[in-house]
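File shown: start_28.tsv (TSV, C-alpha atoms).
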```
chain	number	residue	atom	x	y	z
A	185	MET	CA	121.63	159.93	71.69
A	186	PRO	CA	118.57	159.23	73.84
A	187	GLU	CA	116.73	162.09	75.46
A	188	GLU	CA	118.44	163.32	78.59
A	189	THR	CA	116.75	162.31	81.81
A	190	ASP	CA	117.75	164.65	84.63
A	191	GLY	CA	119.06	162.96	87.74
A	192	LEU	CA	119.03	159.46	86.27
A	193	ASP	CA	122.09	157.21	86.47
A	194	PRO	CA	123.60	157.28	82.94
A	195	ASN	CA	123.73	153.47	82.92
A	196	VAL	CA	120.03	153.30	83.79
A	197	GLU	CA	119.38	155.77	81.02
A	198	THR	CA	121.28	153.54	78.60
A	199	VAL	CA	119.40	150.46	79.80
A	200	LEU	CA	116.07	152.22	79.29
A	201	TRP	CA	117.08	153.34	75.80
A	202	LEU	CA	118.35	149.86	74.95
A	203	GLY	CA	115.17	148.22	76.23
A	204	GLU	CA	113.07	150.58	74.16
A	205	ALA	CA	115.21	150.25	71.01
A	206	ALA	CA	115.24	146.45	71.18
A	207	ARG	CA	111.49	146.19	71.62
A	208	SER	CA	110.08	145.84	68.13
A	209	ALA	CA	107.21	143.71	66.89
A	210	PRO	CA	107.93	141.13	64.20
A	211	PRO	CA	106.75	142.43	60.80
A	212	PRO	CA	103.35	141.04	59.70
A	213	GLY	CA	104.96	139.58	56.56
A	214	LEU	CA	107.35	137.51	58.66
A	215	VAL	CA	104.58	136.29	60.94
A	216	ALA	CA	102.50	135.29	57.91
A	217	ARG	CA	105.48	133.47	56.38
A	218	ILE	CA	106.18	131.46	59.53
A	219	ASP	CA	102.44	130.87	60.08
A	220	ALA	CA	102.22	129.32	56.62
A	221	ALA	CA	105.27	127.13	57.27
A	222	VAL	CA	103.85	125.97	60.61
A	223	ARG	CA	100.50	125.18	58.98
A	224	ARG	CA	102.21	123.25	56.18
A	225	ARG	CA	104.17	121.35	58.77
A	226	ALA	CA	101.03	120.61	60.81
A	227	GLU	CA	99.37	119.15	57.71
A	228	ARG	CA	102.25	116.79	57.05
A	229	PRO	CA	101.66	113.18	58.12
A	230	SER	CA	103.95	111.50	60.64
A	231	ARG	CA	106.92	109.52	59.35
A	232	PRO	CA	105.47	106.09	60.30
A	233	MET	CA	102.21	107.00	58.56
A	234	THR	CA	104.08	108.07	55.44
A	235	ALA	CA	106.17	104.92	55.37
A	236	VAL	CA	103.25	102.53	55.94
A	237	ALA	CA	100.94	104.31	53.49
A	238	LEU	CA	103.58	104.24	50.75
A	239	ALA	CA	104.40	100.59	51.44
A	240	LEU	CA	100.73	99.61	51.22
A	241	ALA	CA	100.30	101.61	48.03
A	242	ALA	CA	103.35	99.83	46.59
A	243	ALA	CA	101.88	96.43	47.54
A	244	PHE	CA	98.60	97.28	45.78
A	245	VAL	CA	100.47	98.50	42.69
A	246	LEU	CA	102.61	95.36	42.69
A	247	GLN	CA	99.49	93.20	42.77
A	248	ALA	CA	97.90	95.27	40.00
A	249	ALA	CA	101.02	95.01	37.85
A	250	GLY	CA	101.23	91.27	38.54
A	251	ASN	CA	97.64	90.81	37.41
A	252	LEU	CA	98.37	92.69	34.19
A	253	VAL	CA	101.67	91.14	33.19
A	254	ALA	CA	101.54	87.70	34.81
A	255	GLY	CA	97.81	86.93	34.96
A	256	GLU	CA	98.16	83.48	33.42
A	257	TRP	CA	100.97	82.50	35.78
A	258	ILE	CA	98.88	83.63	38.77
A	259	SER	CA	95.84	81.73	37.52
A	260	ASP	CA	97.98	78.61	37.13
A	261	GLY	CA	99.39	79.11	40.62
A	262	ILE	CA	95.99	79.28	42.28
A	263	ASP	CA	94.57	76.67	39.94
A	264	GLU	CA	91.80	78.85	38.56
A	265	PRO	CA	90.80	79.64	34.96
A	266	TYR	CA	92.55	82.72	33.53
A	267	ALA	CA	90.11	85.65	33.22
A	268	PRO	CA	91.93	88.57	31.59
A	269	HIS	CA	88.87	90.85	31.72
A	270	ALA	CA	88.42	90.42	35.48
A	271	MET	CA	92.18	90.67	36.03
A	272	PHE	CA	92.35	93.96	34.13
A	273	GLU	CA	89.43	95.52	35.99
A	274	MET	CA	90.80	94.33	39.33
A	275	SER	CA	94.09	95.97	38.46
A	276	LEU	CA	92.35	99.28	37.85
A	277	ALA	CA	90.58	98.99	41.20
A	278	LEU	CA	93.88	98.17	42.93
A	279	VAL	CA	95.55	101.20	41.40
A	280	ALA	CA	92.70	103.35	42.73
A	281	ALA	CA	93.19	101.77	46.17
A	282	ALA	CA	96.93	102.47	45.92
A	283	VAL	CA	96.21	106.15	45.25
A	284	CYS	CA	93.91	106.17	48.27
A	285	ALA	CA	96.61	104.61	50.46
A	286	ALA	CA	99.28	107.01	49.18
A	287	ALA	CA	97.04	109.97	50.01
A	288	ALA	CA	97.77	109.30	53.69
A	289	ALA	CA	101.42	110.07	52.93
A	290	VAL	CA	100.54	113.49	51.53
A	291	ARG	CA	98.26	115.08	54.10
A	292	ARG	CA	97.60	114.26	57.72
A	293	ALA	CA	93.87	114.93	57.28
A	294	TRP	CA	93.60	112.38	54.48
A	295	GLY	CA	94.85	109.56	56.73
A	296	ALA	CA	91.36	108.76	57.98
A	297	VAL	CA	90.04	108.30	54.43
A	298	SER	CA	92.95	106.01	53.61
A	299	VAL	CA	92.33	103.92	56.70
A	300	LEU	CA	88.58	103.69	56.03
A	301	THR	CA	89.08	102.53	52.45
A	302	CYS	CA	92.38	100.64	52.50
A	303	THR	CA	92.50	98.87	55.85
A	304	PRO	CA	89.36	96.75	55.22
A	305	LEU	CA	90.56	95.97	51.69
A	306	ALA	CA	94.07	95.07	52.86
A	307	LEU	CA	92.73	92.91	55.70
A	308	GLY	CA	90.31	91.22	53.30
A	309	LEU	CA	93.14	90.47	50.88
A	310	GLY	CA	95.30	89.27	53.76
A	311	LEU	CA	92.64	86.86	55.01
A	312	HIS	CA	91.89	85.71	51.48
A	313	GLY	CA	95.60	85.03	51.03
A	314	VAL	CA	95.49	82.42	53.80
A	315	GLY	CA	93.89	80.08	51.25
A	316	GLU	CA	96.95	80.46	49.04
A	317	LEU	CA	99.34	79.24	51.73
A	318	GLY	CA	100.99	76.06	50.55
A	319	GLN	CA	99.47	76.56	47.12
A	320	PHE	CA	100.94	79.78	45.64
A	321	ALA	CA	103.77	81.18	47.73
A	322	ALA	CA	104.12	84.51	45.91
A	323	GLY	CA	100.42	85.30	46.34
A	324	ALA	CA	100.43	84.22	49.99
A	325	VAL	CA	103.42	86.45	50.76
A	326	LEU	CA	101.93	89.47	48.96
A	327	HIS	CA	98.50	89.09	50.60
A	328	THR	CA	100.01	88.56	54.05
A	329	ALA	CA	102.09	91.70	53.56
A	330	GLU	CA	98.98	93.61	52.51
A	331	GLY	CA	97.09	92.41	55.60
A	332	VAL	CA	99.93	93.37	57.93
A	333	LEU	CA	100.32	96.77	56.24
A	334	GLY	CA	96.54	97.34	56.54
A	335	LEU	CA	96.79	96.83	60.29
A	336	ALA	CA	99.95	98.95	60.44
A	337	LEU	CA	98.14	101.75	58.60
A	338	LEU	CA	95.39	101.69	61.22
A	339	ALA	CA	97.98	101.72	64.04
A	340	ALA	CA	99.99	104.55	62.44
A	341	TRP	CA	96.82	106.58	61.93
A	342	TRP	CA	95.80	106.09	65.56
A	343	TRP	CA	99.28	107.10	66.76
A	344	GLN	CA	99.17	110.15	64.53
A	345	TRP	CA	95.65	111.06	65.68
A	346	ARG	CA	96.84	111.01	69.32
A	347	ASP	CA	99.54	113.56	68.46
A	348	THR	CA	97.26	115.81	66.42
A	349	PRO	CA	96.08	118.81	68.43
A	350	ARG	CA	92.35	119.40	68.40
A	351	PRO	CA	90.51	122.54	69.44
A	352	SER	CA	89.26	122.30	73.00
A	353	ARG	CA	85.55	122.39	73.78
A	354	GLU	CA	86.05	125.85	75.27
A	355	ALA	CA	87.83	127.10	72.16
A	356	GLY	CA	85.20	125.63	69.90
A	357	ALA	CA	82.30	127.06	71.88
B	287	MET	CA	104.65	119.55	76.25
B	288	ARG	CA	104.66	116.59	73.91
B	289	PRO	CA	106.51	117.24	70.65
B	290	GLY	CA	104.11	117.45	67.75
B	291	ALA	CA	103.05	119.83	65.04
B	292	GLY	CA	100.31	121.42	67.17
B	293	GLY	CA	102.63	121.80	70.12
B	294	PHE	CA	105.03	123.65	67.89
B	295	ALA	CA	102.32	126.07	66.76
B	296	GLU	CA	101.90	127.12	70.40
B	297	VAL	CA	105.66	127.39	70.89
B	298	TYR	CA	105.99	129.51	67.78
B	299	ALA	CA	103.20	131.88	68.81
B	300	GLU	CA	104.84	132.40	72.19
B	301	HIS	CA	108.45	132.77	71.04
B	302	VAL	CA	108.38	134.47	67.67
B	303	THR	CA	108.73	137.94	69.19
B	304	PRO	CA	111.77	137.27	71.44
B	305	VAL	CA	113.51	135.36	68.64
B	306	TRP	CA	112.82	138.19	66.19
B	307	ARG	CA	114.13	140.81	68.60
B	308	TYR	CA	117.29	138.80	69.29
B	309	VAL	CA	117.97	138.21	65.60
B	310	ARG	CA	117.22	141.82	64.71
B	311	LEU	CA	119.97	143.02	67.06
B	312	ARG	CA	122.46	140.60	65.53
B	313	VAL	CA	122.19	141.33	61.79
B	314	PRO	CA	122.46	144.65	59.95
B	315	ALA	CA	119.00	145.03	58.39
B	316	ASP	CA	115.40	144.10	59.09
B	317	ALA	CA	115.16	142.18	55.80
B	318	ASP	CA	118.10	140.00	56.94
B	319	ALA	CA	116.46	139.55	60.33
B	320	GLU	CA	113.24	138.37	58.65
B	321	ASP	CA	115.12	135.75	56.64
B	322	VAL	CA	117.10	134.54	59.63
B	323	THR	CA	114.07	134.41	61.95
B	324	SER	CA	112.16	132.43	59.36
B	325	GLN	CA	115.10	130.00	59.07
B	326	VAL	CA	115.24	129.65	62.87
B	327	PHE	CA	111.65	128.41	62.96
B	328	GLU	CA	112.12	126.16	59.94
B	329	ARG	CA	115.07	124.52	61.69
B	330	ALA	CA	113.16	124.33	64.95
B	331	MET	CA	110.21	122.64	63.22
B	332	ARG	CA	112.51	120.06	61.70
B	333	SER	CA	114.10	119.35	65.09
B	334	TRP	CA	110.93	119.56	67.16
B	335	ASP	CA	110.53	115.78	67.40
B	336	ARG	CA	113.98	115.62	69.00
B	337	TYR	CA	113.36	118.43	71.52
B	338	ASP	CA	113.86	117.14	75.06
B	339	GLY	CA	112.07	119.28	77.63
B	340	THR	CA	114.07	117.76	80.50
B	341	ARG	CA	117.26	119.34	79.14
B	342	GLY	CA	116.01	122.93	79.33
B	343	GLY	CA	113.21	125.29	78.46
B	344	VAL	CA	111.92	125.64	74.96
B	345	GLY	CA	112.90	129.34	74.91
B	346	ALA	CA	116.55	128.51	75.57
B	347	TRP	CA	116.38	125.72	72.97
B	348	LEU	CA	115.06	128.17	70.38
B	349	MET	CA	117.71	130.72	71.29
B	350	GLY	CA	120.37	128.07	70.76
B	351	ILE	CA	119.00	127.49	67.26
B	352	ALA	CA	118.80	131.25	66.69
B	353	ARG	CA	122.47	131.71	67.69
B	354	HIS	CA	123.58	129.02	65.27
B	355	THR	CA	121.42	130.40	62.48
B	356	VAL	CA	122.82	133.91	63.01
B	357	ALA	CA	126.36	132.50	63.03
B	358	ASP	CA	125.61	130.67	59.77
B	359	TRP	CA	124.21	133.88	58.29
B	360	TRP	CA	127.42	135.75	59.11
B	361	ARG	CA	129.53	132.91	57.71
B	362	ARG	CA	127.58	133.10	54.45
B	363	HIS	CA	127.26	136.89	54.16
B	364	GLY	CA	130.19	138.22	56.20
B	365	ARG	CA	132.58	138.02	53.26
B	366	GLU	CA	130.09	139.51	50.80
B	367	LEU	CA	129.50	142.68	52.82
B	368	PRO	CA	131.99	145.48	52.12
B	369	THR	CA	134.53	146.06	54.87
B	370	ASP	CA	136.50	149.13	55.79
B	371	PRO	CA	140.23	148.64	56.52
B	372	ALA	CA	140.22	151.69	58.78
B	373	ALA	CA	137.33	150.38	60.83
B	374	ALA	CA	139.40	148.86	63.63
B	375	ALA	CA	141.20	152.12	64.27
B	376	PHE	CA	137.89	153.95	64.17
B	377	ALA	CA	136.44	151.59	66.73
B	378	GLY	CA	139.31	152.13	69.11
B	379	GLY	CA	140.77	148.71	68.32
B	380	VAL	CA	137.73	146.81	69.49
B	381	ALA	CA	136.96	145.00	66.29
B	382	ASP	CA	140.28	143.78	64.90
B	383	ASP	CA	138.95	140.26	64.67
B	384	ASP	CA	135.26	141.17	64.64
B	385	PRO	CA	134.01	141.76	61.09
B	386	GLU	CA	130.43	141.44	62.38
B	387	GLY	CA	130.91	144.46	64.62
B	388	GLU	CA	132.52	146.46	61.85
B	389	VAL	CA	129.66	145.72	59.46
B	390	LEU	CA	127.08	146.59	62.11
B	391	ARG	CA	128.80	149.90	62.84
B	392	ARG	CA	128.82	150.89	59.20
B	393	LEU	CA	125.74	149.19	57.75
B	394	GLY	CA	123.45	148.83	60.76
B	395	ALA	CA	119.98	149.97	59.76
B	396	ASP	CA	119.40	151.94	62.97
B	397	ASP	CA	121.15	153.52	65.94
B	398	VAL	CA	120.89	150.51	68.18
B	399	ARG	CA	122.60	148.17	65.70
B	400	ARG	CA	125.29	150.68	64.77
B	401	ARG	CA	126.07	151.20	68.45
B	402	LEU	CA	126.06	147.49	69.20
B	403	GLY	CA	128.79	147.22	66.57
B	404	HIS	CA	131.14	148.91	69.04
B	405	LEU	CA	130.81	146.04	71.51
B	406	THR	CA	132.77	142.81	71.46
B	407	ALA	CA	131.02	139.82	69.91
B	408	ARG	CA	130.39	138.33	73.36
B	409	GLU	CA	128.98	141.58	74.77
B	410	ARG	CA	126.76	142.02	71.73
B	411	GLU	CA	125.44	138.50	72.16
B	412	ALA	CA	124.74	139.07	75.85
B	413	VAL	CA	122.93	142.35	75.13
B	414	ALA	CA	120.83	140.75	72.39
B	415	LEU	CA	119.83	137.93	74.73
B	416	ARG	CA	119.10	140.29	77.64
B	417	PHE	CA	117.32	143.13	75.87
B	418	GLY	CA	116.12	141.40	72.71
B	419	SER	CA	114.95	138.08	74.09
B	420	GLU	CA	114.51	139.44	77.62
B	421	LEU	CA	116.22	136.40	79.15
B	422	SER	CA	117.39	136.35	82.75
B	423	SER	CA	121.09	136.28	83.66
B	424	THR	CA	120.73	132.60	84.55
B	425	GLU	CA	119.27	131.77	81.14
B	426	ILE	CA	121.93	133.84	79.37
B	427	ALA	CA	124.59	132.07	81.41
B	428	VAL	CA	123.32	128.65	80.28
B	429	ILE	CA	123.28	129.70	76.63
B	430	LEU	CA	126.73	131.31	76.73
B	431	GLY	CA	128.23	128.63	78.93
B	432	VAL	CA	129.28	130.99	81.72
B	433	THR	CA	128.21	131.54	85.33
B	434	PRO	CA	125.18	133.78	86.01
B	435	SER	CA	127.42	136.38	87.64
B	436	ALA	CA	129.70	136.38	84.58
B	437	ALA	CA	126.64	136.85	82.37
B	438	ARG	CA	125.48	139.76	84.55
B	439	MET	CA	128.97	141.24	84.37
B	440	LEU	CA	129.03	140.88	80.60
B	441	VAL	CA	125.75	142.77	80.23
B	442	HIS	CA	126.86	145.41	82.74
B	443	ARG	CA	130.12	145.96	80.88
B	444	ALA	CA	128.29	146.14	77.56
B	445	VAL	CA	125.88	148.75	78.90
B	446	GLY	CA	128.81	150.81	80.22
B	447	ARG	CA	130.54	150.65	76.86
B	448	LEU	CA	127.35	151.59	75.04
B	449	ARG	CA	126.99	154.58	77.33
B	450	GLU	CA	130.51	155.67	76.38
B	451	VAL	CA	129.66	155.26	72.71
B	452	MET	CA	126.50	157.31	73.14
B	453	ASP	CA	128.32	159.98	75.16
B	454	GLY	CA	130.95	160.21	72.45
B	455	ALA	CA	128.40	160.53	69.66
```

Would you encode the structure as structure tokens?
Amino acid sequence: MPEETDGLDPNVETVLWLGEAARSAPPPGLVARIDAAVRRRAERPSRPMTAVALALAAAFVLQAAGNLVAGEWISDGIDEPYAPHAMFEMSLALVAAAVCAAAAAVRRAWGAVSVLTCTPLALGLGLHGVGELGQFAAGAVLHTAEGVLGLALLAAWWWQWRDTPRPSREAGA
Amino acid sequence: MRPGAGGFAEVYAEHVTPVWRYVRLRVPADADAEDVTSQVFERAMRSWDRYDGTRGGVGAWLMGIARHTVADWWRRHGRELPTDPAAAAFAGGVADDDPEGEVLRRLGADDVRRRLGHLTAREREAVALRFGSELSSTEIAVILGVTPSAARMLVHRAVGRLREVMDGA
């Protein structure tokens, strides 16, 4: 029973008691738990960024795997001498680029690094693939896809950057 | 406010206290309230991209999620908590079909929750929204799907019943 308050309407007394009893601060452990979840969420990349980054990584891996298992067929297709050493090392570089691209699907902050490294490479491969049009269809399709995905990665990063809150000048000062 | 992770951080900072207070009045123990409140914000984060500010305030949107999460909690735990067959008689017949009230009366961690167990489910909800979340009658009315005067009446009746419970204690 709340403390008696002489002369006060009993309903008012109940309201005051209820207001007081209901007013409790969230425990620090709960606040920390939700804080951590909100931070984790804030670090997650947007869905378009995730999709594009994974698709570009898959394209790079596909090209790397193609170089490793079908190098001779590719060389025949583009009418160039087969160079297994160069093919192997290019595959390693492409796998590294794929990891870089996939990083954008893991953390929002890593998107910029992925764009800086993978967009120029993907665009370069895309433009280089123009020469394969009419000559080696599989290569032309893969390189065009890489070029388009490179541009899409840049667009997705820009879209994501717009939606990422940044500290204001006042807050930073 | 544009939906986005940063926007949600601001929403969370502003609304964590009212959501906690509402949830705390609706479940028996603080540990349960912590779990439920945490789930409310996890659900809200997942749905944040779909939040439409033109359909109502963010506070009411969060309370809607909180109500559903509390209801889910009772669905999951209601059967596990021990019940007392004599409880309805003890409560003056209030809680025949209200296991939540019966559990709160018997297992509520503090006076306020035990006393809220004597109210009907609707009254308890209205009181939690009014005194826990500190919503206005109009906001409570929107959430409960009644008119503002009906919401006011519900709270008024609940306070009267609580007073009787306290007088009888």

Do a neighbour search on Gly403 in chain B at 10 Å with only C-alpha atoms, toss out local chain neighbours closer than 3 positions, and write the hits as an MDAnalysis selection string.
-> chainID B and resid 311:312 314 377 380:381 384:394 397:400 406:407 409:410 448

Pull the neighbourhood of (97.5, 108.0, 59.5) for me: all residues within 9 Å in file coordinates, counting all atoms listed in the file, as a PyMOL selection string.
-> chain A and resi 229-230+232-234+236-237+288-289+291-296+298-299+337-345

Identify every residue of chain B that has at least one atom within 7 Å of any atom of chain A, counting all atoms listed in the file, and report the result as number ranges by chain.
-> B: 290-292, 295, 303, 306-307, 320, 324, 398, 417-418, 445-446, 449, 452

Per-residue nearest contacts of range 210-268 of chain A to range 273-277 of chain A (10 Å; all atoms listed in the file) as CSV:
```
residue,atom,partner,partner_atom,distance
A:Phe244,CA,A:Ser275,CA,8.7
A:Val245,CA,A:Ser275,CA,8.1
A:Leu246,CA,A:Ser275,CA,9.5
A:Gln247,CA,A:Ser275,CA,7.4
A:Ala248,CA,A:Ser275,CA,4.2
A:Ala249,CA,A:Ser275,CA,7.0
A:Gly250,CA,A:Ser275,CA,8.5
A:Asn251,CA,A:Ser275,CA,6.4
A:Leu252,CA,A:Ser275,CA,6.9
A:Pro268,CA,A:Glu273,CA,8.6
```

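From CA of Leu440 in chain B back to CA of Ser422 in chain B, the distance works out to 12.7 Å.
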
Give me, please, the distance in Å between CA of Gly334 in chain A and CA of Gly293 in chain B, quoted to one decimal.
->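 We find that CA of Gly334 in chain A and CA of Gly293 in chain B lie 28.6 Å from each other.
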
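Going from CA of Val413 in chain B to CA of Arg336 in chain B covers 28.8 Å.
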
Please identify all polymer residues lying at most 7 Å from the point (114.2, 136.3, 63.1) (file coordinates), using only C-alpha atoms, and present the result as a PyMOL selection string.
-> chain B and resi 305-306+309-310+319-324+326

Contacts of Ala346 in chain B within 12 Å, all atoms listed in the file, excl. fewer than 5 positions in-chain, as a ChimeraX atom specification | /B:297,301,304-305,330,337-339,341,351-353,415,419-422,424-430

Output range 301-311 of chain B with all heavy atoms present, as an mmCIF file, in the frame of the given file.
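And here is the file that came out, result12.cif:
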```
data_model
loop_
_atom_site.group_PDB
_atom_site.id
_atom_site.type_symbol
_atom_site.label_atom_id
_atom_site.label_comp_id
_atom_site.auth_asym_id
_atom_site.auth_seq_id
_atom_site.Cartn_x
_atom_site.Cartn_y
_atom_site.Cartn_z
ATOM 1 N N HIS B 301 107.028 132.402 71.093
ATOM 2 C CA HIS B 301 108.450 132.770 71.040
ATOM 3 C C HIS B 301 108.871 133.553 69.811
ATOM 4 O O HIS B 301 110.034 133.923 69.708
ATOM 5 C CB HIS B 301 109.309 131.521 71.183
ATOM 6 C CG HIS B 301 109.200 130.880 72.528
ATOM 7 N ND1 HIS B 301 109.899 131.310 73.624
ATOM 8 C CD2 HIS B 301 108.423 129.866 72.964
ATOM 9 C CE1 HIS B 301 109.587 130.584 74.672
ATOM 10 N NE2 HIS B 301 108.689 129.694 74.292
ATOM 11 N N VAL B 302 107.956 133.792 68.903
ATOM 12 C CA VAL B 302 108.380 134.470 67.670
ATOM 13 C C VAL B 302 108.918 135.880 67.960
ATOM 14 O O VAL B 302 109.917 136.308 67.362
ATOM 15 C CB VAL B 302 107.249 134.481 66.606
ATOM 16 C CG1 VAL B 302 106.068 135.311 67.039
ATOM 17 C CG2 VAL B 302 107.775 134.985 65.265
ATOM 18 N N THR B 303 108.298 136.568 68.908
ATOM 19 C CA THR B 303 108.730 137.940 69.190
ATOM 20 C C THR B 303 110.136 137.986 69.808
ATOM 21 O O THR B 303 111.010 138.709 69.303
ATOM 22 C CB THR B 303 107.703 138.674 70.072
ATOM 23 O OG1 THR B 303 106.453 138.666 69.372
ATOM 24 C CG2 THR B 303 108.108 140.094 70.350
ATOM 25 N N PRO B 304 110.400 137.221 70.903
ATOM 26 C CA PRO B 304 111.770 137.270 71.440
ATOM 27 C C PRO B 304 112.828 136.826 70.433
ATOM 28 O O PRO B 304 113.923 137.404 70.389
ATOM 29 C CB PRO B 304 111.744 136.331 72.647
ATOM 30 C CG PRO B 304 110.410 135.739 72.723
ATOM 31 C CD PRO B 304 109.498 136.442 71.772
ATOM 32 N N VAL B 305 112.511 135.812 69.622
ATOM 33 C CA VAL B 305 113.510 135.360 68.640
ATOM 34 C C VAL B 305 113.759 136.468 67.609
ATOM 35 O O VAL B 305 114.896 136.775 67.270
ATOM 36 C CB VAL B 305 113.036 134.051 67.936
ATOM 37 C CG1 VAL B 305 113.927 133.732 66.736
ATOM 38 C CG2 VAL B 305 113.046 132.888 68.920
ATOM 39 N N TRP B 306 112.683 137.091 67.154
ATOM 40 C CA TRP B 306 112.820 138.190 66.190
ATOM 41 C C TRP B 306 113.673 139.321 66.750
ATOM 42 O O TRP B 306 114.581 139.838 66.096
ATOM 43 C CB TRP B 306 111.426 138.702 65.798
ATOM 44 C CG TRP B 306 111.415 140.125 65.321
ATOM 45 C CD1 TRP B 306 110.993 141.223 66.029
ATOM 46 C CD2 TRP B 306 111.852 140.622 64.049
ATOM 47 N NE1 TRP B 306 111.152 142.361 65.276
ATOM 48 C CE2 TRP B 306 111.672 142.018 64.053
ATOM 49 C CE3 TRP B 306 112.375 140.016 62.911
ATOM 50 C CZ2 TRP B 306 111.991 142.825 62.966
ATOM 51 C CZ3 TRP B 306 112.703 140.822 61.813
ATOM 52 C CH2 TRP B 306 112.506 142.199 61.843
ATOM 53 N N ARG B 307 113.386 139.686 68.003
ATOM 54 C CA ARG B 307 114.130 140.810 68.600
ATOM 55 C C ARG B 307 115.608 140.469 68.754
ATOM 56 O O ARG B 307 116.476 141.321 68.538
ATOM 57 C CB ARG B 307 113.518 141.152 69.970
ATOM 58 C CG ARG B 307 112.175 141.833 69.835
ATOM 59 C CD ARG B 307 111.544 142.080 71.177
ATOM 60 N NE ARG B 307 110.260 142.765 71.028
ATOM 61 C CZ ARG B 307 109.403 142.940 72.014
ATOM 62 N NH1 ARG B 307 109.676 142.483 73.231
ATOM 63 N NH2 ARG B 307 108.283 143.575 71.799
ATOM 64 N N TYR B 308 115.900 139.224 69.155
ATOM 65 C CA TYR B 308 117.290 138.800 69.290
ATOM 66 C C TYR B 308 117.988 138.885 67.928
ATOM 67 O O TYR B 308 119.061 139.483 67.797
ATOM 68 C CB TYR B 308 117.348 137.377 69.852
ATOM 69 C CG TYR B 308 118.702 136.741 69.713
ATOM 70 C CD1 TYR B 308 119.720 137.044 70.613
ATOM 71 C CD2 TYR B 308 118.983 135.855 68.675
ATOM 72 C CE1 TYR B 308 120.984 136.485 70.474
ATOM 73 C CE2 TYR B 308 120.230 135.289 68.533
ATOM 74 C CZ TYR B 308 121.223 135.608 69.428
ATOM 75 O OH TYR B 308 122.475 135.060 69.287
ATOM 76 N N VAL B 309 117.356 138.274 66.928
ATOM 77 C CA VAL B 309 117.970 138.210 65.600
ATOM 78 C C VAL B 309 118.165 139.617 65.039
ATOM 79 O O VAL B 309 119.193 139.940 64.438
ATOM 80 C CB VAL B 309 117.121 137.343 64.648
ATOM 81 C CG1 VAL B 309 117.630 137.458 63.221
ATOM 82 C CG2 VAL B 309 117.124 135.894 65.099
ATOM 83 N N ARG B 310 117.180 140.466 65.257
ATOM 84 C CA ARG B 310 117.220 141.820 64.710
ATOM 85 C C ARG B 310 118.441 142.595 65.237
ATOM 86 O O ARG B 310 119.024 143.409 64.520
ATOM 87 C CB ARG B 310 115.925 142.545 65.091
ATOM 88 C CG ARG B 310 115.771 143.913 64.472
ATOM 89 C CD ARG B 310 114.429 144.515 64.811
ATOM 90 N NE ARG B 310 114.526 145.952 64.713
ATOM 91 C CZ ARG B 310 114.809 146.750 65.736
ATOM 92 N NH1 ARG B 310 114.990 146.245 66.938
ATOM 93 N NH2 ARG B 310 114.898 148.053 65.557
ATOM 94 N N LEU B 311 118.810 142.334 66.488
ATOM 95 C CA LEU B 311 119.970 143.020 67.060
ATOM 96 C C LEU B 311 121.286 142.437 66.564
ATOM 97 O O LEU B 311 122.343 143.016 66.782
ATOM 98 C CB LEU B 311 119.925 142.954 68.594
ATOM 99 C CG LEU B 311 118.782 143.718 69.272
ATOM 100 C CD1 LEU B 311 118.866 143.550 70.782
ATOM 101 C CD2 LEU B 311 118.812 145.200 68.900
#
```
